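Source file: final10.txt. Holds: compact mmCIF, C-alpha atoms.
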```txt
# COMPACT_ATOMS: atom_id res chain seq x y z
CA MET A 143 98.09 90.44 137.55
CA LYS A 144 95.61 92.84 139.12
CA VAL A 145 98.38 95.39 139.52
CA LEU A 146 99.27 95.05 135.84
CA PHE A 147 95.70 95.72 134.73
CA GLN A 148 95.50 98.69 137.07
CA LEU A 149 98.71 100.07 135.59
CA ILE A 150 97.38 99.66 132.03
CA TRP A 151 94.04 101.23 132.96
CA ARG A 152 95.66 104.20 134.65
CA ASN A 153 97.78 104.92 131.57
CA ASN A 154 95.10 104.20 128.99
CA PHE A 155 95.35 107.74 127.56
CA THR A 156 99.06 107.39 126.79
CA LEU A 157 98.65 103.82 125.54
CA PHE A 158 95.80 104.77 123.23
CA PHE A 159 97.84 107.73 121.98
CA VAL A 160 100.88 105.58 121.21
CA LEU A 161 98.74 102.97 119.43
CA LEU A 162 97.02 105.55 117.22
CA GLN A 163 100.35 107.27 116.48
CA GLY A 164 101.68 103.90 115.35
CA LEU A 165 98.76 103.55 112.97
CA CYS A 166 99.39 107.04 111.55
CA ILE A 167 103.09 106.45 110.99
CA TYR A 168 102.28 103.14 109.30
CA LEU A 169 99.86 104.88 106.91
CA LEU A 170 102.40 107.62 106.27
CA VAL A 171 105.32 105.33 105.47
CA ARG A 172 103.15 103.15 103.24
CA ASN A 173 102.06 106.11 101.14
CA ASN A 174 105.62 107.08 100.24
CA ARG A 175 106.05 103.99 98.08
CA TYR A 176 104.56 103.22 94.72
CA GLN A 177 101.81 100.69 94.20
CA GLN A 178 100.55 100.61 97.74
CA ALA A 179 96.83 101.16 97.74
CA SER A 180 95.37 102.75 100.82
CA VAL A 181 91.84 103.72 101.84
CA PHE A 182 92.85 107.18 102.92
CA ASN A 183 94.35 108.41 99.67
CA ALA A 184 93.00 111.19 97.52
CA THR A 185 91.23 109.02 94.94
CA ASN A 186 87.99 108.43 96.83
CA ALA A 187 84.69 109.88 95.71
CA VAL A 188 84.14 112.64 98.28
CA VAL A 189 87.59 114.08 97.78
CA THR A 190 87.59 113.96 93.99
CA THR A 191 84.13 115.54 93.73
CA THR A 192 85.19 118.45 95.93
CA MET A 193 88.44 118.85 94.08
CA GLU A 194 86.69 118.95 90.72
CA GLY A 195 84.53 121.80 92.04
CA VAL A 196 87.56 123.70 93.31
CA ASN A 197 89.35 123.06 90.07
CA TYR A 198 86.44 124.35 88.03
CA VAL A 199 87.05 127.77 89.56
CA ARG A 200 90.83 127.52 89.34
CA GLU A 201 90.70 126.54 85.68
CA TYR A 202 88.66 129.62 84.97
CA ILE A 203 91.21 131.84 86.69
CA HIS A 204 94.07 130.39 84.62
CA LEU A 205 92.10 130.36 81.36
CA ARG A 206 94.29 132.94 79.63
CA ASP A 207 97.57 131.15 80.44
CA ASN A 208 96.17 127.78 79.43
CA ASN A 209 94.85 129.10 76.15
CA ASN A 210 98.25 130.56 75.37
CA SER A 211 100.03 127.35 76.19
CA LEU A 212 97.59 125.25 74.13
CA ALA A 213 97.81 127.67 71.21
CA GLU A 214 101.60 127.49 71.34
CA GLU A 215 101.44 123.72 71.28
CA ASN A 216 99.02 123.80 68.37
CA ALA A 217 101.43 125.99 66.45
CA LEU A 218 104.27 123.58 67.22
CA LEU A 219 102.24 120.57 66.07
CA ARG A 220 101.08 122.38 62.95
CA ALA A 221 104.70 123.05 62.09
CA GLN A 222 105.34 119.32 62.24
CA LEU A 223 102.58 118.44 59.77
CA ALA A 224 103.78 117.10 56.46
CA ASP A 225 102.20 119.91 54.43
CA ALA A 226 103.97 122.55 56.51
CA ARG A 227 107.32 121.31 55.19
CA TYR A 228 109.14 121.79 51.97
CA GLU A 229 110.62 118.70 50.40
CA THR A 230 114.37 119.31 50.04
CA ASP A 231 115.61 115.77 49.63
CA SER A 232 114.47 114.31 46.34
CA ASN A 233 116.30 110.98 46.83
CA ARG A 234 114.42 110.00 49.95
CA VAL A 235 113.28 106.42 50.16
CA LEU A 236 109.76 105.92 51.34
CA VAL A 237 109.75 103.88 54.54
CA LYS A 238 106.64 101.86 55.14
CA ASP A 239 105.06 102.07 58.58
CA THR A 240 105.57 98.36 59.19
CA GLY A 241 109.21 99.27 59.85
CA HIS A 242 108.28 100.96 63.12
CA PHE A 243 106.72 99.75 66.32
CA GLN A 244 104.83 102.23 68.32
CA GLN A 245 106.66 102.42 71.65
CA TYR A 246 104.86 105.21 73.48
CA GLU A 247 101.19 105.90 73.84
CA TYR A 248 99.93 109.24 75.19
CA ILE A 249 96.72 109.61 77.14
CA THR A 250 95.42 113.13 77.75
CA ALA A 251 94.32 114.00 81.27
CA LYS A 252 93.13 117.01 83.18
CA VAL A 253 94.67 118.14 86.46
CA ILE A 254 91.96 118.28 89.13
CA ASN A 255 94.18 118.94 92.13
CA ASN A 256 97.70 120.23 92.38
CA SER A 257 99.97 121.55 95.11
CA ILE A 258 103.38 123.20 94.93
CA ARG A 259 103.84 124.59 98.41
CA HIS A 260 104.56 121.39 100.33
CA ARG A 261 107.87 119.61 100.58
CA ASN A 262 106.11 116.60 99.02
CA ASN A 263 103.64 117.54 96.34
CA PHE A 264 101.01 115.39 94.68
CA ILE A 265 98.80 115.96 91.64
CA THR A 266 95.41 114.32 90.98
CA LEU A 267 94.35 113.58 87.39
CA ASN A 268 90.92 112.66 86.01
CA LYS A 269 92.00 109.39 84.34
CA GLY A 270 92.18 106.02 86.06
CA ARG A 271 92.24 102.25 85.83
CA LEU A 272 89.33 102.14 83.37
CA GLN A 273 91.32 104.28 80.95
CA GLY A 274 94.31 101.94 81.27
CA ILE A 275 96.36 103.94 83.77
CA HIS A 276 98.76 102.02 86.00
CA PRO A 277 101.18 103.07 88.74
CA GLU A 278 104.69 104.04 87.56
CA MET A 279 103.52 105.60 84.31
CA GLY A 280 105.18 108.92 83.49
CA VAL A 281 103.27 112.18 83.22
CA ILE A 282 104.42 115.01 80.93
CA ALA A 283 103.03 118.39 79.98
CA PRO A 284 103.38 120.26 76.67
CA ASN A 285 106.64 121.82 77.85
CA GLY A 286 108.18 119.57 80.47
CA ILE A 287 107.91 116.56 82.74
CA VAL A 288 105.42 116.49 85.60
CA GLY A 289 105.90 113.31 87.65
CA ILE A 290 105.06 109.64 88.04
CA VAL A 291 101.66 108.01 88.72
CA ASN A 292 101.49 106.42 92.19
CA HIS A 293 97.88 105.60 93.14
CA VAL A 294 95.10 104.62 90.72
CA SER A 295 91.34 104.28 91.27
CA ASP A 296 88.68 103.53 88.64
CA HIS A 297 88.45 107.09 87.31
CA TYR A 298 91.31 108.98 88.93
CA CYS A 299 94.98 108.73 89.62
CA THR A 300 97.41 110.61 91.83
CA VAL A 301 100.84 111.61 90.61
CA MET A 302 103.98 111.97 92.70
CA SER A 303 105.07 115.36 91.40
CA LEU A 304 108.64 116.17 90.34
CA LEU A 305 108.38 118.49 93.36
CA HIS A 306 108.60 115.60 95.89
CA LYS A 307 111.54 114.66 98.07
CA GLU A 308 111.54 111.05 96.78
CA SER A 309 111.38 111.99 93.11
CA ASN A 310 114.58 111.06 91.33
CA ILE A 311 114.63 111.34 87.56
CA SER A 312 117.47 110.48 85.23
CA ALA A 313 118.35 113.51 83.08
CA MET A 314 121.14 114.58 80.74
CA LEU A 315 122.72 117.65 79.20
CA LEU A 316 121.53 117.68 75.60
CA ARG A 317 124.76 119.25 74.22
CA SER A 318 127.30 116.85 75.73
CA GLY A 319 125.15 113.81 76.50
CA PHE A 320 126.42 113.46 80.08
CA PHE A 321 123.76 112.28 82.50
CA GLY A 322 122.94 112.67 86.18
CA SER A 323 119.95 112.58 88.48
CA LEU A 324 117.43 115.33 88.96
CA LYS A 325 116.27 116.31 92.48
CA TRP A 326 114.06 118.99 93.94
CA GLU A 327 115.43 120.45 97.17
CA GLY A 328 112.33 122.30 98.28
CA GLY A 329 111.66 126.01 98.16
CA ASP A 330 111.17 127.61 94.75
CA PRO A 331 109.00 125.32 92.56
CA ASN A 332 110.68 126.66 89.41
CA TYR A 333 114.17 125.28 90.11
CA VAL A 334 115.56 121.76 90.51
CA TYR A 335 119.13 120.43 90.78
CA LEU A 336 120.95 118.11 88.42
CA LYS A 337 123.53 116.12 90.38
CA GLU A 338 126.29 113.57 89.68
CA ILE A 339 127.59 115.34 86.57
CA ASP A 340 131.39 115.03 86.34
CA LYS A 341 133.31 118.25 87.10
CA THR A 342 135.36 117.91 83.89
CA VAL A 343 132.28 118.15 81.66
CA PRO A 344 131.82 121.57 80.03
CA VAL A 345 128.61 123.12 81.30
CA ALA A 346 127.37 126.52 80.16
CA LYS A 347 124.52 128.69 81.29
CA GLY A 348 121.52 128.09 79.04
CA ASP A 349 122.35 124.46 78.20
CA THR A 350 119.25 122.34 77.65
CA VAL A 351 118.46 119.48 80.06
CA VAL A 352 116.34 116.58 78.76
CA THR A 353 115.30 113.09 79.92
CA THR A 354 117.50 110.07 79.15
CA ALA A 355 116.49 106.80 77.54
CA PHE A 356 117.45 104.81 80.69
CA SER A 357 114.20 104.87 82.57
CA THR A 358 111.22 102.94 81.32
CA ILE A 359 108.97 105.77 82.47
CA PHE A 360 109.69 108.74 80.22
CA PRO A 361 110.59 108.79 76.52
CA ALA A 362 114.11 110.06 75.82
CA GLY A 363 114.67 113.70 74.95
CA VAL A 364 111.67 115.26 76.70
CA LEU A 365 112.56 118.85 77.62
CA ILE A 366 113.07 119.49 81.34
CA GLY A 367 114.65 122.94 81.51
CA THR A 368 117.78 125.02 81.09
CA VAL A 369 120.94 125.39 83.18
CA THR A 370 121.07 128.62 85.19
CA GLU A 371 124.25 128.02 87.20
CA SER A 372 126.68 125.22 87.99
CA LEU A 373 128.00 124.96 91.53
CA VAL A 374 131.02 122.95 92.63
CA GLU A 375 130.79 121.56 96.13
CA PRO A 376 134.24 121.50 97.78
CA GLY A 377 135.66 117.97 97.95
CA SER A 378 133.07 116.51 95.59
CA PRO A 379 133.98 115.26 92.11
CA PHE A 380 130.56 116.33 90.83
CA TYR A 381 128.79 119.47 89.78
CA LYS A 382 125.53 120.51 91.36
CA ILE A 383 123.73 122.21 88.47
CA LYS A 384 120.78 124.50 89.08
CA VAL A 385 118.13 123.95 86.40
CA LYS A 386 115.24 126.29 85.65
CA LEU A 387 112.21 124.17 84.76
CA SER A 388 110.71 124.96 81.38
CA MET A 389 107.29 124.20 82.81
CA ARG A 390 105.50 126.15 85.50
CA PHE A 391 103.82 123.83 88.01
CA SER A 392 101.69 126.65 89.35
CA ASN A 393 99.23 126.72 86.45
CA LEU A 394 99.36 123.13 85.26
CA SER A 395 96.05 122.07 83.70
CA HIS A 396 96.34 119.62 80.78
CA VAL A 397 98.89 116.81 80.81
CA TYR A 398 99.71 113.58 78.98
CA ILE A 399 100.17 110.23 80.70
CA VAL A 400 102.87 108.22 78.95
CA ASN A 401 102.37 104.50 78.45
CA ASN A 402 105.56 102.71 77.43
CA LEU A 403 104.33 99.68 75.47
CA MET A 404 107.76 98.02 75.66
CA LYS A 405 108.34 98.62 79.36
CA ASP A 406 107.76 95.02 80.45
CA GLU A 407 110.23 93.74 77.88
CA GLN A 408 112.96 96.13 79.04
CA LYS A 409 112.29 95.45 82.72
CA GLN A 410 112.32 91.69 82.25
CA LEU A 411 115.61 91.85 80.36
CA GLU A 412 117.23 94.07 82.98
CA GLY A 413 115.85 91.76 85.67
CA PHE A 414 118.15 88.97 84.42
CA ASN A 415 121.23 91.03 85.22
CA LYS A 416 120.00 91.94 88.65
CA ALA A 417 119.23 88.32 89.48
CA LYS A 418 122.75 87.32 88.40
CA GLU A 419 124.40 90.00 90.55
CA GLU A 420 122.58 88.77 93.61
CA GLU A 421 123.38 85.09 93.05
CA PRO A 422 126.96 84.81 94.39
CA MET B 243 73.85 119.04 125.21
CA ILE B 244 72.57 117.88 121.79
CA LEU B 245 72.75 121.48 120.63
CA ALA B 246 76.38 121.71 121.75
CA ILE B 247 77.28 118.52 119.86
CA LEU B 248 75.55 119.80 116.72
CA ARG B 249 77.44 123.07 117.07
CA HIS B 250 80.76 121.22 117.21
CA ILE B 251 79.87 119.10 114.17
CA PHE B 252 78.88 122.24 112.27
CA ARG B 253 82.15 123.92 113.25
CA PHE B 254 84.10 120.84 112.12
CA LEU B 255 82.44 120.79 108.68
CA LEU B 256 82.83 124.55 108.22
CA LEU B 257 86.52 124.58 109.17
CA LEU B 258 87.21 121.50 107.02
CA ALA B 259 85.57 123.22 104.04
CA VAL B 260 87.48 126.48 104.61
CA GLN B 261 90.75 124.57 104.96
CA VAL B 262 90.29 122.36 101.90
CA ILE B 263 88.54 124.74 99.53
CA ILE B 264 90.20 128.04 100.38
CA LEU B 265 93.35 127.80 102.50
CA ASN B 266 94.87 124.81 100.68
CA ASN B 267 94.53 126.73 97.43
CA VAL B 268 95.77 130.17 98.46
CA GLN B 269 99.40 130.68 97.62
CA LEU B 270 101.42 132.64 100.14
CA GLY B 271 104.90 131.88 98.94
CA THR B 272 106.46 128.46 99.28
CA PHE B 273 107.17 128.81 102.97
CA ILE B 274 103.87 129.64 104.58
CA ASN B 275 100.94 127.33 105.00
CA PRO B 276 98.22 128.08 107.58
CA PHE B 277 96.14 125.27 109.11
CA LEU B 278 93.09 126.99 110.55
CA TYR B 279 91.27 123.67 111.05
CA VAL B 280 93.11 123.13 114.38
CA LEU B 281 90.67 125.71 115.80
CA PHE B 282 88.13 122.88 115.91
CA LEU B 283 90.34 120.81 118.22
CA LEU B 284 91.21 123.90 120.28
CA SER B 285 87.51 124.71 120.79
CA LEU B 286 86.38 121.30 122.08
CA PRO B 287 85.00 121.43 125.65
CA VAL B 288 87.61 121.55 128.42
CA GLN B 289 86.10 118.53 130.18
CA ILE B 290 85.81 116.28 127.08
CA PRO B 291 86.78 112.67 127.96
CA ARG B 292 90.42 112.22 126.99
CA LEU B 293 89.94 109.08 124.91
CA LEU B 294 87.12 110.76 122.99
CA LEU B 295 89.45 113.70 122.37
CA LEU B 296 92.03 111.36 120.80
CA ALA B 297 89.38 109.71 118.61
CA VAL B 298 88.05 113.08 117.44
CA ALA B 299 91.60 114.27 116.68
CA LEU B 300 92.30 111.13 114.64
CA ILE B 301 89.13 111.62 112.55
CA THR B 302 89.90 115.32 112.02
CA GLY B 303 93.45 114.59 110.90
CA LEU B 304 92.47 111.79 108.54
CA SER B 305 89.78 113.98 106.95
CA ILE B 306 92.35 116.66 106.13
CA ASP B 307 94.81 113.97 105.02
CA MET B 308 92.37 112.57 102.47
CA PHE B 309 92.23 115.93 100.71
CA GLN B 310 96.00 116.38 100.71
CA ASN B 311 96.87 112.78 99.88
CA THR B 312 99.06 112.53 102.98
CA PRO B 313 97.48 109.65 104.95
CA GLY B 314 98.57 109.75 108.60
CA MET B 315 100.48 113.04 108.52
CA HIS B 316 97.83 115.45 109.79
CA ALA B 317 96.30 112.66 111.87
CA SER B 318 99.59 112.17 113.67
CA ALA B 319 100.01 115.90 114.34
CA CYS B 320 96.39 116.20 115.54
CA LEU B 321 96.84 113.26 117.93
CA PHE B 322 99.94 114.96 119.34
CA LEU B 323 97.94 118.16 119.91
CA ALA B 324 95.16 116.15 121.58
CA TYR B 325 97.68 114.34 123.77
CA LEU B 326 99.23 117.59 125.03
CA ARG B 327 95.94 119.48 125.45
CA PRO B 328 94.65 118.11 128.81
CA ALA B 329 98.04 118.56 130.50
CA TRP B 330 98.50 122.07 129.11
CA LEU B 331 94.95 123.04 130.17
CA LYS B 332 95.79 121.83 133.69
CA ILE B 333 99.03 123.88 133.83
CA ILE B 334 97.40 127.14 132.71
CA ALA B 335 94.12 126.61 134.61
CA PRO B 336 92.59 129.74 136.18
CA ARG B 337 92.78 129.87 140.01
CA ASP B 338 89.20 128.68 140.52
CA GLY B 339 89.34 125.94 137.89
CA TYR B 340 87.10 125.40 134.87
CA GLU B 341 83.32 125.27 134.74
CA SER B 342 81.99 121.87 133.73
CA ASP B 343 80.77 122.96 130.27
CA ALA B 344 83.44 125.55 129.45
CA GLU B 345 84.92 125.74 125.94
CA PRO B 346 88.25 127.53 125.43
CA SER B 347 87.63 130.90 123.76
CA ILE B 348 88.87 134.48 123.97
CA ARG B 349 85.45 135.70 125.07
CA LYS B 350 85.35 133.32 128.03
CA PHE B 351 88.95 133.32 129.27
CA GLY B 352 90.46 136.55 127.93
CA PHE B 353 93.08 137.29 125.28
CA THR B 354 96.26 136.56 127.26
CA TRP B 355 95.06 133.20 128.49
CA TYR B 356 93.89 132.19 125.01
CA LEU B 357 97.15 133.30 123.39
CA ALA B 358 99.13 131.15 125.82
CA TYR B 359 96.71 128.23 125.35
CA SER B 360 96.61 128.22 121.55
CA SER B 361 100.14 129.31 120.63
CA LEU B 362 101.86 126.34 122.29
CA LEU B 363 99.40 123.77 120.93
CA ILE B 364 99.50 125.24 117.40
CA PHE B 365 103.31 125.33 117.46
CA MET B 366 103.58 121.70 118.64
CA HIS B 367 101.05 120.60 115.97
CA HIS B 368 102.96 122.39 113.20
CA LEU B 369 106.31 121.19 114.54
CA LEU B 370 105.36 117.52 114.20
CA LEU B 371 103.45 118.10 110.96
CA PHE B 372 106.27 119.78 109.04
CA PHE B 373 108.97 117.43 110.31
CA LEU B 374 106.85 114.42 109.37
CA GLU B 375 106.46 115.92 105.90
CA VAL B 376 110.20 116.44 105.44
CA PHE B 377 111.15 113.34 107.46
CA ARG B 378 114.82 114.24 107.70
CA LEU B 379 116.97 116.63 109.68
CA SER B 380 119.19 117.85 106.83
CA GLU B 381 116.82 120.72 106.01
CA PHE B 382 116.42 121.58 109.70
CA PHE B 383 116.57 125.38 109.57
CA ASP B 384 114.45 125.68 106.42
CA THR B 385 111.80 123.53 108.05
CA LEU B 386 112.00 125.45 111.33
CA LEU B 387 111.43 128.72 109.47
CA ARG B 388 108.39 127.24 107.73
CA ILE B 389 107.06 126.00 111.08
CA LEU B 390 107.49 129.41 112.75
CA LEU B 391 105.95 131.44 109.92
CA SER B 392 103.06 129.01 109.43
CA SER B 393 102.36 128.81 113.19
CA ILE B 394 102.20 132.60 113.43
CA LEU B 395 99.80 132.79 110.49
CA THR B 396 97.59 129.99 111.86
CA LEU B 397 97.52 131.70 115.28
CA LEU B 398 96.57 134.98 113.64
CA LEU B 399 93.73 133.33 111.69
CA VAL B 400 92.52 131.50 114.81
CA ILE B 401 92.34 134.79 116.76
CA ILE B 402 90.65 136.67 113.89
CA THR B 403 88.09 133.86 113.51
CA GLN B 404 87.36 134.06 117.24
CA TYR B 405 86.59 137.76 116.99
CA MET B 406 84.53 137.28 113.82
CA SER B 407 82.29 134.45 115.03
CA ALA B 408 78.89 135.57 116.26
CA LYS B 409 78.17 135.82 119.97
CA PRO B 410 76.23 132.75 121.11
CA LYS B 411 72.77 133.64 122.34
CA GLY B 412 72.69 133.01 126.09
CA THR B 413 74.76 130.14 127.40
CA ILE B 414 74.35 126.80 125.72
```
The structure in this file should be written as structure tokens.
Amino acid sequence: MKVLFQLIWRNNFTLFFVLLQGLCIYLLVRNNRYQQASVFNATNAVVTTTMEGVNYVREYIHLRDNNNSLAEENALLRAQLADARYETDSNRVLVKDTGHFQQYEYITAKVINNSIRHRNNFITLNKGRLQGIHPEMGVIAPNGIVGIVNHVSDHYCTVMSLLHKESNISAMLLRSGFFGSLKWEGGDPNYVYLKEIDKTVPVAKGDTVVTTAFSTIFPAGVLIGTVTESLVEPGSPFYKIKVKLSMRFSNLSHVYIVNNLMKDEQKQLEGFNKAKEEEP
Amino acid sequence: MILAILRHIFRFLLLLAVQVIILNNVQLGTFINPFLYVLFLLSLPVQIPRLLLLAVALITGLSIDMFQNTPGMHASACLFLAYLRPAWLKIIAPRDGYESDAEPSIRKFGFTWYLAYSSLLIFMHHLLLFFLEVFRLSEFFDTLLRILLSSILTLLLVIITQYMSAKPKGTI
């Protein structure tokens, strides 16, 4: 017994090192999943205060770009107003609003921290639990999708960016309707890859890529980007399509958090099928 | 003694601020990412108790992690650096050993010694850091390139900072 204690004491440096490494790896693995709160994430007070200060300067630097992008969006929204349109169809039946549910709710948020240079990028937004934000809500910008909320504190939330190795978003080619999954392979933050599209599908340069209606996170038809080239990997039945993102992550500043009001209903319904598959 | 501890705490806060406020926000292409804050761990006294060294490394790493939203990643790399440091210091020790209160620096030990000392530790730190971030081997050569370029830049910044920092008055 004495020998054992001596052995442990003599190697206490290595033992301590291995123990602490274990702790670090545990923290690291936990953070890569949704809905796992952790003390050491970027939503605590010291971090967010500093980041707001840093962002104050950054916002000023990107003021011109942001103004342009907001002005463009204003123009787009103005064009959609009723009085900007000319009535061409005189036989139209007036549909009362009671015929429609509202399915999506949009909450505006400001980016207070953003990275694009890492293999796994996160974004911090200035809205949190008190504003009704929950993990797994989608985040979109005026001209593209941004990512999915993963941690939430009272006033802030962090977003797993589209530029993250675990991000996997269902997307389709607008022209043909064929769908695949969207992945970022690192490197240039302006390009992602659309995979699992059948080789027999016609794909042309410049085709629009949008979100599908499958996920409960994003509304269908949100613009993602345009096809720049389609590669065929030898021996694979699928295309690997290079997509240029319509949104630039490098000067992201104002975004919308998407709340799908019918998400629980869809998830519950789909849950029945999953439970049945697992039964036998 | 107290003065030396205060100096280390001041250095820690300064490097943390520089890392978080400036370096994390400067864009140098998607491949390069310097981590100057390791200079704090490199500059701790040679004779620091080894368990204290590990604890300090853990705190340093977690502080950086909080700002990057990567809990455990920098902490793990810092611990690795701290684990290798005593052994590496022993291997490259000068013939007549270290003085009891010596801190590794270019001024004290010369450029060649410091280059050997810091380059290996910085490379090992970045090696673990970037592979933990990617967590797979399929992007091996991309990651290796990032590690090499980032290590070189960090090393360069560490050396420049050493030359820029004011000469301490007398010996503390």
* For Val288 of chain A: contacts at 10 Å, all atoms listed in the file, fewer than 6 positions along chain excluded, given as a ChimeraX atom specification -> /A:265,280-282,301-305,366,389-391,394,397-399
The selected residues should be written to file as a compact mmCIF listing (two decimals), in the coordinates of the input (atoms: C-alpha atoms).
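Once everything was written out, this is part_17.txt:
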```
# COMPACT_ATOMS: atom_id res chain seq x y z
CA ILE A 265 98.80 115.96 91.64
CA GLY A 280 105.18 108.92 83.49
CA VAL A 281 103.27 112.18 83.22
CA ILE A 282 104.42 115.01 80.93
CA VAL A 301 100.84 111.61 90.61
CA MET A 302 103.98 111.97 92.70
CA SER A 303 105.07 115.36 91.40
CA LEU A 304 108.64 116.17 90.34
CA LEU A 305 108.38 118.49 93.36
CA ILE A 366 113.07 119.49 81.34
CA MET A 389 107.29 124.20 82.81
CA ARG A 390 105.50 126.15 85.50
CA PHE A 391 103.82 123.83 88.01
CA LEU A 394 99.36 123.13 85.26
CA VAL A 397 98.89 116.81 80.81
CA TYR A 398 99.71 113.58 78.98
CA ILE A 399 100.17 110.23 80.70
```
* Can you list, as number ranges by chain, every protein, DNA or RNA residue that comes within 12 Å of segment 275-277 of chain B when you count all atoms listed in the file, leaving out same-chain residues fewer than 4 positions away? -> A: 257-261; B: 257-262, 264-271, 281-283, 303, 306, 316, 319-320, 364-365, 367-368, 371-372, 385, 387-400
* Check: which chain B residues lie within 7 Å of chain A using all atoms listed in the file, as a PyMOL selection string -> chain B and resi 263+272+292-293+296+308-315+317-318+321+325+375-376
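When atom CA of His204 of chain A is paired with atom CA of Lys384 of chain A, their separation reads 27.7 Å.
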* To do: Find the distance between atom CA of Ile274 of chain B and atom CA of Glu194 of chain A and write it in Å to one decimal.
  => 24.5 Å
* Asked: atom CA of Val352 of chain A to atom CA of Ile275 of chain A: how many Å, to one decimal?
  -> 24.2 Å
* To do: Point out the residue among A:Leu316, A:Val400, A:Val345, A:Leu157 with the least atom-to-atom distance to His276 of chain A, counting all atoms listed in the file.
  => A:Val400
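Residues surrounding Tyr335 of chain A within 7 Å are Leu324, Lys325, Trp326, Lys382, Ile383, Lys384 and Val385 of chain A [all atoms listed in the file; sequence separation below 5 positions excluded].
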Final N, CA and C atoms of segment 383-395 of chain A as a PDB file, in the frame of the given file:
```
ATOM      1  N   ILE A 383     124.175 121.249  89.486  1.00  0.00           N
ATOM      2  CA  ILE A 383     123.730 122.210  88.470  1.00  0.00           C
ATOM      3  C   ILE A 383     122.299 122.655  88.748  1.00  0.00           C
ATOM      4  N   LYS A 384     122.121 123.966  88.838  1.00  0.00           N
ATOM      5  CA  LYS A 384     120.780 124.500  89.080  1.00  0.00           C
ATOM      6  C   LYS A 384     120.046 124.599  87.745  1.00  0.00           C
ATOM      7  N   VAL A 385     118.872 123.991  87.657  1.00  0.00           N
ATOM      8  CA  VAL A 385     118.130 123.950  86.400  1.00  0.00           C
ATOM      9  C   VAL A 385     116.806 124.682  86.556  1.00  0.00           C
ATOM     10  N   LYS A 386     116.549 125.607  85.634  1.00  0.00           N
ATOM     11  CA  LYS A 386     115.240 126.290  85.650  1.00  0.00           C
ATOM     12  C   LYS A 386     114.269 125.446  84.850  1.00  0.00           C
ATOM     13  N   LEU A 387     113.185 125.021  85.462  1.00  0.00           N
ATOM     14  CA  LEU A 387     112.210 124.170  84.760  1.00  0.00           C
ATOM     15  C   LEU A 387     111.540 124.947  83.636  1.00  0.00           C
ATOM     16  N   SER A 388     111.357 124.282  82.505  1.00  0.00           N
ATOM     17  CA  SER A 388     110.710 124.960  81.380  1.00  0.00           C
ATOM     18  C   SER A 388     109.207 125.049  81.613  1.00  0.00           C
ATOM     19  N   MET A 389     108.713 124.201  82.556  1.00  0.00           N
ATOM     20  CA  MET A 389     107.290 124.200  82.810  1.00  0.00           C
ATOM     21  C   MET A 389     106.986 124.837  84.158  1.00  0.00           C
ATOM     22  N   ARG A 390     105.911 125.581  84.222  1.00  0.00           N
ATOM     23  CA  ARG A 390     105.500 126.150  85.500  1.00  0.00           C
ATOM     24  C   ARG A 390     104.450 125.254  86.122  1.00  0.00           C
ATOM     25  N   PHE A 391     104.771 124.714  87.330  1.00  0.00           N
ATOM     26  CA  PHE A 391     103.820 123.830  88.010  1.00  0.00           C
ATOM     27  C   PHE A 391     102.606 124.588  88.522  1.00  0.00           C
ATOM     28  N   SER A 392     102.753 125.914  88.660  1.00  0.00           N
ATOM     29  CA  SER A 392     101.690 126.650  89.350  1.00  0.00           C
ATOM     30  C   SER A 392     100.412 126.793  88.515  1.00  0.00           C
ATOM     31  N   ASN A 393     100.491 126.654  87.182  1.00  0.00           N
ATOM     32  CA  ASN A 393      99.230 126.720  86.450  1.00  0.00           C
ATOM     33  C   ASN A 393      99.025 125.529  85.519  1.00  0.00           C
ATOM     34  N   LEU A 394      99.486 124.377  86.000  1.00  0.00           N
ATOM     35  CA  LEU A 394      99.360 123.130  85.260  1.00  0.00           C
ATOM     36  C   LEU A 394      97.884 122.784  85.073  1.00  0.00           C
ATOM     37  N   SER A 395      97.461 122.437  83.842  1.00  0.00           N
ATOM     38  CA  SER A 395      96.050 122.070  83.700  1.00  0.00           C
ATOM     39  C   SER A 395      95.819 120.868  82.791  1.00  0.00           C
TER      40      SER A 395
END
```
